[in-house]
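Structure first, then comments.
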Amino acid sequence: MNTQNGIVNPNLTLNSQGIVGFKNAFYNLTEPDLMTQALLRNEGELGVGGTLLVETGKFTGRSPKDKHIVVSDEIVDNIWWERNARMSSSAFDLLYKDMLEHVRGKDLFVQDLYGGADPQYRIGVRVITEYSWHNLFIRHLLIRPQKSELETFINDFSIINLPSFSANPAKHGCRSETVIAINLEKRLILIGGTEYAGENKKAVFTVLNYLLPEVGVMPMHCSANVSKENPQQSAIFFGLSGTGKTTLSSDPDRVLVGDDEHGWSDAGIFNFEGGCYAKTINLSSTSEPDIFKTTSMFSTVIENMVYDKKTKELNFEDDSLTANMRAAYPMHYISNSSASGMACQPSHIVFLTCDAFGIMPPLAKLSPAQAMYHFLSGFTSKAVGTERGIKEPEPTFSTCFGAPFLPRPPEVYGKLLRDKISKGGTTCWLVNTGWTGGRYGEGSRMPIRVTRTLLSAAINNQLDKTEFVKDPNFGFAIPKSVPDVDPSYLNPRETWSDVSAYDEAAKKLVNLFVKNFEQHVPNVDNEVKSSLSL
């Protein structure tokens, strides 16, 4: 039986995906029906306000080492193979065949959705899932077509996600029983052996990261917002998971364009998604009221959070399941979010880093060359829980602030960003949301109120007449004062009780930057190469 919005429709099939022999296929169910199906199938529990409480088992974060791109003549010379695992076409075909056999007799849930708010650049994605709650999740996270659009929907890519399927590394050319296989030529993505729903959205992001550079659009792992008072003042925030993209872009004084993935075209910026996937650890109604409200709103997916079994009250401090606890909800649940998911050319770019060394300042202004340097460096610390095995923040370099999602060589994106900045005269900033007064375990995390105040001053052009000083380690400019911020926060060296220990730690971090950047030296000009000493 095939159903569309609860109505039997025998003319709908999954033949284009090669799927036959399934029991039922539920097409484009809306939130109430997906919630009902998830509860009937014991995929989760009903939470406060009609939320869905789910757990993802042993996989509470992405499995980046299990993601593979299928090799073909069409794409082989365009892929950054140093960071993307290969899978042969023959191995993919075997994997596909075995997954098709695995769905026989099973119920499936299907959503036809868009990746990309700009109609000129968006792609149609058909997402076929074994779990109803995965279908609800991706319905929140991607863009829902209007009813009339579904009648003419063009499916550019398909995702088949079967958590109960276990891959065979020897047979399927993968690393483990968990597999994410992206076939760009066949426009098909296979996901198996993991219940972590984030793999669905990041697979779409990877595809857009491959397609858009060919048409001059810069794909970005960033959040974005725009001034309520001046629609011509927009800002984008680059950063890996755990650096504060979602939190800092959800500013009550600005309109949220999106919290994680965007494109930058000649016309402006546009969201890839139609929802948010916010970290909820230590979330409070005081510091992040808009996001907090979504955790008790109908159909929000609450992922891997501890809760009272009787009252269903959430525990935002208990990370015994994972520190990567999250809430997935549609964009309109944020009251000041953009209805269109589009905005003008960005006036400001913010590079967010979570520095576990405690060396980076909370705010620094970058020259264009320094912006290129830090974009290609992508320094941060892997946040606890966002990947399997991360028990405490680990300093790392993730080029373009999104190396796990880049199918093309990083220089492709670096050159695109450089061109966009030069055309728009965009002002660039670096913000450290990590540690101050010492490294992780010794200092303390930068207070969110301080970060918000600094950011507001920067992107609202309140620092135009401020005096800056040159940082001796990185060469960028640090403000000497910012309204409503204790000056002691601004210079990280002064926050350490032992300045000699700071100097030693800073020297080590600079050396890490230099060593990491050696991979990019052949592909950048001299001004970018010398950015640390500018």
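Going through the structure tokens in order, the chains are called A, B, and so on, while each chain numbers its residues from 1 and the ligands are numbered from 1 in the order shown.
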
- Contacts of range 512-528 of chain A within 9 Å, only C-alpha atoms, excl. fewer than 3 positions in-chain, as a list in words: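 Everything that qualifies: Pro368, Ala369, Gln370, Ala371, Met372, Tyr373, Leu376, Ser377, Phe379, Phe397, Pro410, Glu411, Lys415, Lys507, Lys508, Leu509, Ser531, Leu532 and Leu534 of chain A.
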
- Task: Tell me, as a list in words, which residues lie within 7 Å of range 239-249 of chain A, counting only C-alpha atoms; anything in the same chain fewer than 6 positions away does not count.
- Result: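 Close residues of range 239-249 of chain A: His221, Cys222, Ser223, Ala224, Asn225, Leu256, Asp259, Asp260, Ala278, Phe351, Leu352, Thr353, Cys354, Ala383, Thr386, Phe401, Gly402, Thr433 and Arg452 of chain A.
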
Would you write out those residues with N, CA, C and O atoms, as a compact mmCIF listing (two decimals), in the first residue's frame?
```
# COMPACT_ATOMS: atom_id res chain seq x y z
N HIS A 221 29.52 26.30 5.75
CA HIS A 221 29.09 25.74 7.03
C HIS A 221 29.00 26.91 8.00
O HIS A 221 29.94 27.21 8.72
N CYS A 222 27.86 27.58 7.97
CA CYS A 222 27.73 28.82 8.73
C CYS A 222 26.28 29.08 9.09
O CYS A 222 25.36 28.51 8.48
N SER A 223 26.08 29.91 10.10
CA SER A 223 24.76 30.46 10.38
C SER A 223 24.71 31.87 9.82
O SER A 223 25.74 32.43 9.43
N ALA A 224 23.52 32.47 9.78
CA ALA A 224 23.39 33.80 9.20
C ALA A 224 22.20 34.53 9.81
O ALA A 224 21.17 33.91 10.12
N ASN A 225 22.35 35.83 9.97
CA ASN A 225 21.22 36.66 10.38
C ASN A 225 21.33 38.03 9.75
O ASN A 225 22.34 38.37 9.11
N LEU A 256 16.82 35.74 12.03
CA LEU A 256 17.59 34.53 11.74
C LEU A 256 17.32 34.06 10.32
O LEU A 256 16.18 33.79 9.95
N ASP A 259 20.73 28.48 10.67
CA ASP A 259 21.66 28.22 11.78
C ASP A 259 22.85 27.33 11.43
O ASP A 259 23.70 27.11 12.28
N ASP A 260 22.94 26.82 10.17
CA ASP A 260 24.02 25.86 9.95
C ASP A 260 24.63 25.83 8.55
O ASP A 260 25.83 25.65 8.41
N ALA A 278 19.69 22.25 17.09
CA ALA A 278 20.42 22.98 18.13
C ALA A 278 20.91 22.07 19.25
O ALA A 278 20.16 21.20 19.73
N PHE A 351 34.33 34.39 12.01
CA PHE A 351 34.89 33.05 12.14
C PHE A 351 34.85 32.68 13.62
O PHE A 351 35.55 33.28 14.43
N LEU A 352 34.04 31.69 13.96
CA LEU A 352 33.91 31.24 15.33
C LEU A 352 34.89 30.10 15.61
O LEU A 352 35.01 29.17 14.82
N THR A 353 35.58 30.21 16.74
CA THR A 353 36.47 29.13 17.14
C THR A 353 36.27 28.85 18.61
O THR A 353 35.95 29.75 19.39
N CYS A 354 36.37 27.61 18.98
CA CYS A 354 36.31 27.22 20.38
C CYS A 354 37.72 26.79 20.77
O CYS A 354 38.11 25.64 20.56
N ALA A 383 34.11 19.59 19.70
CA ALA A 383 33.26 19.65 20.89
C ALA A 383 32.96 18.24 21.39
O ALA A 383 32.87 17.28 20.62
N THR A 386 30.24 15.46 19.68
CA THR A 386 29.76 15.68 18.31
C THR A 386 30.27 14.60 17.36
O THR A 386 29.69 14.40 16.30
N PHE A 401 36.33 25.49 8.02
CA PHE A 401 35.40 25.25 9.13
C PHE A 401 34.36 24.19 8.76
O PHE A 401 33.23 24.24 9.21
N GLY A 402 34.79 23.22 7.96
CA GLY A 402 33.85 22.16 7.58
C GLY A 402 34.49 21.07 6.76
O GLY A 402 33.86 20.54 5.85
N THR A 433 34.86 31.48 21.30
CA THR A 433 33.83 31.12 22.28
C THR A 433 34.35 30.05 23.25
O THR A 433 33.57 29.47 24.01
N ARG A 452 28.10 37.66 23.18
CA ARG A 452 26.98 38.33 22.52
C ARG A 452 27.21 39.84 22.43
O ARG A 452 26.94 40.46 21.40
```

- Using only C-alpha atoms, find the one residue out of A:Ile69, A:Ile459, A:Ala327, A:Val217 that sits nearest to His140 in chain A.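 Of A:Ile69, A:Ile459, A:Ala327, A:Val217, the one nearest His140 in chain A is A:Ala327, counting only C-alpha atoms.
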
- Item | Val70 in chain A surroundings by only C-alpha atoms, 12 Å radius, close-in-sequence under 4 positions cut, as a ChimeraX atom specification | /A:74-76,79,81,84-93,95,172-174,180-190,407

- Kindly give the distance, in Å, that separates CA of Leu100 in chain A and CA of Ile19 in chain A, rounded to a single decimal. 5.9 Å

- Task: Compile the contact shell of Gly424 in chain A as a PyMOL selection string: residues with an atom at most 12 Å away, counting only C-alpha atoms, same-chain residues fewer than 5 positions apart removed.
- Result: chain A and resi 232-234+264-268+344-349+368+417-419

Output N, CA, C and O atoms for every residue in that selection, as a PDB file, in the first residue's frame.
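Dumped to again.pdb:
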```pdb
ATOM      1  N   GLN A 232      19.856  45.640   4.871  1.00  0.00           N
ATOM      2  CA  GLN A 232      21.094  45.593   4.084  1.00  0.00           C
ATOM      3  C   GLN A 232      22.311  45.283   4.959  1.00  0.00           C
ATOM      4  O   GLN A 232      23.449  45.353   4.487  1.00  0.00           O
ATOM      5  N   GLN A 233      22.078  44.953   6.234  1.00  0.00           N
ATOM      6  CA  GLN A 233      23.160  44.609   7.151  1.00  0.00           C
ATOM      7  C   GLN A 233      23.005  43.147   7.579  1.00  0.00           C
ATOM      8  O   GLN A 233      22.307  42.836   8.535  1.00  0.00           O
ATOM      9  N   SER A 234      23.639  42.258   6.838  1.00  0.00           N
ATOM     10  CA  SER A 234      23.578  40.836   7.186  1.00  0.00           C
ATOM     11  C   SER A 234      24.948  40.352   7.642  1.00  0.00           C
ATOM     12  O   SER A 234      25.971  40.981   7.368  1.00  0.00           O
ATOM     13  N   TRP A 264      26.265  31.420  -0.868  1.00  0.00           N
ATOM     14  CA  TRP A 264      26.519  32.844  -1.125  1.00  0.00           C
ATOM     15  C   TRP A 264      26.648  33.014  -2.628  1.00  0.00           C
ATOM     16  O   TRP A 264      27.645  32.633  -3.237  1.00  0.00           O
ATOM     17  N   SER A 265      25.608  33.563  -3.244  1.00  0.00           N
ATOM     18  CA  SER A 265      25.591  33.793  -4.684  1.00  0.00           C
ATOM     19  C   SER A 265      25.788  35.276  -4.967  1.00  0.00           C
ATOM     20  O   SER A 265      25.926  36.085  -4.045  1.00  0.00           O
ATOM     21  N   ASP A 266      25.774  35.653  -6.235  1.00  0.00           N
ATOM     22  CA  ASP A 266      25.900  37.062  -6.588  1.00  0.00           C
ATOM     23  C   ASP A 266      24.702  37.881  -6.105  1.00  0.00           C
ATOM     24  O   ASP A 266      24.786  39.097  -5.959  1.00  0.00           O
ATOM     25  N   ALA A 267      23.585  37.193  -5.840  1.00  0.00           N
ATOM     26  CA  ALA A 267      22.378  37.891  -5.385  1.00  0.00           C
ATOM     27  C   ALA A 267      22.331  38.052  -3.872  1.00  0.00           C
ATOM     28  O   ALA A 267      21.567  38.880  -3.359  1.00  0.00           O
ATOM     29  N   GLY A 268      23.136  37.276  -3.135  1.00  0.00           N
ATOM     30  CA  GLY A 268      23.117  37.350  -1.677  1.00  0.00           C
ATOM     31  C   GLY A 268      23.311  35.980  -1.062  1.00  0.00           C
ATOM     32  O   GLY A 268      23.881  35.075  -1.686  1.00  0.00           O
ATOM     33  N   CYS A 344      20.553  39.667   1.895  1.00  0.00           N
ATOM     34  CA  CYS A 344      21.463  40.401   1.011  1.00  0.00           C
ATOM     35  C   CYS A 344      22.908  39.925   1.183  1.00  0.00           C
ATOM     36  O   CYS A 344      23.200  39.040   1.979  1.00  0.00           O
ATOM     37  N   GLN A 345      23.801  40.539   0.416  1.00  0.00           N
ATOM     38  CA  GLN A 345      25.221  40.259   0.558  1.00  0.00           C
ATOM     39  C   GLN A 345      25.673  40.542   1.993  1.00  0.00           C
ATOM     40  O   GLN A 345      25.264  41.537   2.587  1.00  0.00           O
ATOM     41  N   PRO A 346      26.503  39.687   2.598  1.00  0.00           N
ATOM     42  CA  PRO A 346      26.889  39.889   3.998  1.00  0.00           C
ATOM     43  C   PRO A 346      27.804  41.095   4.196  1.00  0.00           C
ATOM     44  O   PRO A 346      28.773  41.269   3.459  1.00  0.00           O
ATOM     45  N   SER A 347      27.489  41.895   5.209  1.00  0.00           N
ATOM     46  CA  SER A 347      28.338  43.026   5.579  1.00  0.00           C
ATOM     47  C   SER A 347      29.499  42.568   6.451  1.00  0.00           C
ATOM     48  O   SER A 347      30.569  43.173   6.453  1.00  0.00           O
ATOM     49  N   HIS A 348      29.259  41.502   7.216  1.00  0.00           N
ATOM     50  CA  HIS A 348      30.262  40.997   8.146  1.00  0.00           C
ATOM     51  C   HIS A 348      30.371  39.482   8.047  1.00  0.00           C
ATOM     52  O   HIS A 348      29.371  38.785   7.863  1.00  0.00           O
ATOM     53  N   ILE A 349      31.602  38.996   8.177  1.00  0.00           N
ATOM     54  CA  ILE A 349      31.876  37.565   8.305  1.00  0.00           C
ATOM     55  C   ILE A 349      32.507  37.352   9.669  1.00  0.00           C
ATOM     56  O   ILE A 349      33.435  38.067  10.062  1.00  0.00           O
ATOM     57  N   PRO A 368      41.723  41.106   4.975  1.00  0.00           N
ATOM     58  CA  PRO A 368      41.290  40.085   4.010  1.00  0.00           C
ATOM     59  C   PRO A 368      42.248  38.902   3.916  1.00  0.00           C
ATOM     60  O   PRO A 368      41.805  37.758   3.815  1.00  0.00           O
ATOM     61  N   LEU A 417      35.558  32.250  -1.601  1.00  0.00           N
ATOM     62  CA  LEU A 417      35.344  33.193  -0.499  1.00  0.00           C
ATOM     63  C   LEU A 417      36.130  34.476  -0.713  1.00  0.00           C
ATOM     64  O   LEU A 417      35.613  35.577  -0.505  1.00  0.00           O
ATOM     65  N   ARG A 418      37.376  34.346  -1.155  1.00  0.00           N
ATOM     66  CA  ARG A 418      38.202  35.531  -1.405  1.00  0.00           C
ATOM     67  C   ARG A 418      37.538  36.436  -2.440  1.00  0.00           C
ATOM     68  O   ARG A 418      37.463  37.663  -2.270  1.00  0.00           O
ATOM     69  N   ASP A 419      37.011  35.852  -3.489  1.00  0.00           N
ATOM     70  CA  ASP A 419      36.346  36.635  -4.532  1.00  0.00           C
ATOM     71  C   ASP A 419      35.097  37.325  -3.994  1.00  0.00           C
ATOM     72  O   ASP A 419      34.836  38.492  -4.314  1.00  0.00           O
TER      73      ASP A 419
END
```

- Mind checking which residues fall within 8 Å of range 464-480 of chain A, counting only C-alpha atoms, ignoring those fewer than 3 positions away in the same chain, and posting them as a PyMOL selection string? chain A and resi 361+363-367+370+461+487+490-491+506-507+510+531-534

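Within range 210-266 of chain A, DSSP run on the backbone puts these residues in helix (DSSP H, G or I): Tyr210, Leu211, Leu212, Pro213, Glu214, Val215, Lys245, Thr246, Thr247, Leu248 and Ser249 of chain A.
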
Writing out the chosen residues with N, CA and C atoms as an mmCIF file, in the first residue's frame:
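So result.cif came out as:
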```cif
data_model
loop_
_atom_site.group_PDB
_atom_site.id
_atom_site.type_symbol
_atom_site.label_atom_id
_atom_site.label_comp_id
_atom_site.auth_asym_id
_atom_site.auth_seq_id
_atom_site.Cartn_x
_atom_site.Cartn_y
_atom_site.Cartn_z
ATOM 1 N N TYR A 210 29.432 20.025 -3.326
ATOM 2 C CA TYR A 210 30.024 19.597 -4.593
ATOM 3 C C TYR A 210 29.429 20.352 -5.773
ATOM 4 N N LEU A 211 28.130 20.524 -5.784
ATOM 5 C CA LEU A 211 27.443 21.074 -6.954
ATOM 6 C C LEU A 211 27.605 22.580 -7.110
ATOM 7 N N LEU A 212 27.492 23.331 -6.023
ATOM 8 C CA LEU A 212 27.351 24.784 -6.138
ATOM 9 C C LEU A 212 28.594 25.534 -6.629
ATOM 10 N N PRO A 213 29.824 25.128 -6.261
ATOM 11 C CA PRO A 213 30.980 25.862 -6.795
ATOM 12 C C PRO A 213 31.014 25.930 -8.319
ATOM 13 N N GLU A 214 30.451 24.927 -8.997
ATOM 14 C CA GLU A 214 30.456 24.921 -10.453
ATOM 15 C C GLU A 214 29.634 26.056 -11.045
ATOM 16 N N VAL A 215 28.699 26.607 -10.249
ATOM 17 C CA VAL A 215 27.867 27.709 -10.736
ATOM 18 C C VAL A 215 28.185 29.010 -9.990
ATOM 19 N N LYS A 245 27.379 28.540 16.494
ATOM 20 C CA LYS A 245 26.680 29.067 15.323
ATOM 21 C C LYS A 245 25.193 29.253 15.579
ATOM 22 N N THR A 246 24.565 28.207 16.112
ATOM 23 C CA THR A 246 23.124 28.274 16.346
ATOM 24 C C THR A 246 22.782 29.291 17.425
ATOM 25 N N THR A 247 23.508 29.234 18.530
ATOM 26 C CA THR A 247 23.232 30.126 19.659
ATOM 27 C C THR A 247 23.416 31.588 19.283
ATOM 28 N N LEU A 248 24.522 31.914 18.639
ATOM 29 C CA LEU A 248 24.851 33.315 18.383
ATOM 30 C C LEU A 248 24.055 33.914 17.225
ATOM 31 N N SER A 249 23.602 33.085 16.320
ATOM 32 C CA SER A 249 22.790 33.624 15.229
ATOM 33 C C SER A 249 21.341 33.823 15.650
#
```

- Task: Have a look at A:Leu142, A:Leu314, A:Cys400, A:Val103 and name the one nearest to Val20 in chain A; count only C-alpha atoms.
- Result: A:Val103

- So, counting only C-alpha atoms, which residue among A:Ala197, A:Leu14, A:Val482, A:Val255 is closest to Tyr277 in chain A?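 Under the stated criterion, the closest residue is A:Ala197.
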
- Message: I'd like the contact shell of Leu53 in chain A - 7 Å cut-off, only C-alpha atoms, skipping same-chain residues fewer than 2 positions apart - returned as a VMD selection string.
- Response: chain A and resid 44 to 47 51 301 to 303

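Counting only C-alpha atoms, the residue from A:Ser287, A:Asn304, A:Ser337, A:Ser166 that sits nearest to Arg449 in chain A is A:Ser287.
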
- Item | Pro289 in chain A surroundings by only C-alpha atoms, 12 Å radius, close-in-sequence under 4 positions cut, as a ChimeraX atom specification | /A:247,250-252,280,283-285,293-296,333-335

- Message: Considering only C-alpha atoms, can you say which of A:Pro395, A:Tyr413, A:Ser158, A:Pro362 comes closest to Arg445 in chain A?
- Response: A:Pro362

- Item | Minimum-distance residue to Lys279 in chain A, chosen among A:Ser148, A:Asn324, A:Thr311, A:Ser497 (using only C-alpha atoms) |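 Nearest to Lys279 in chain A: A:Asn324.
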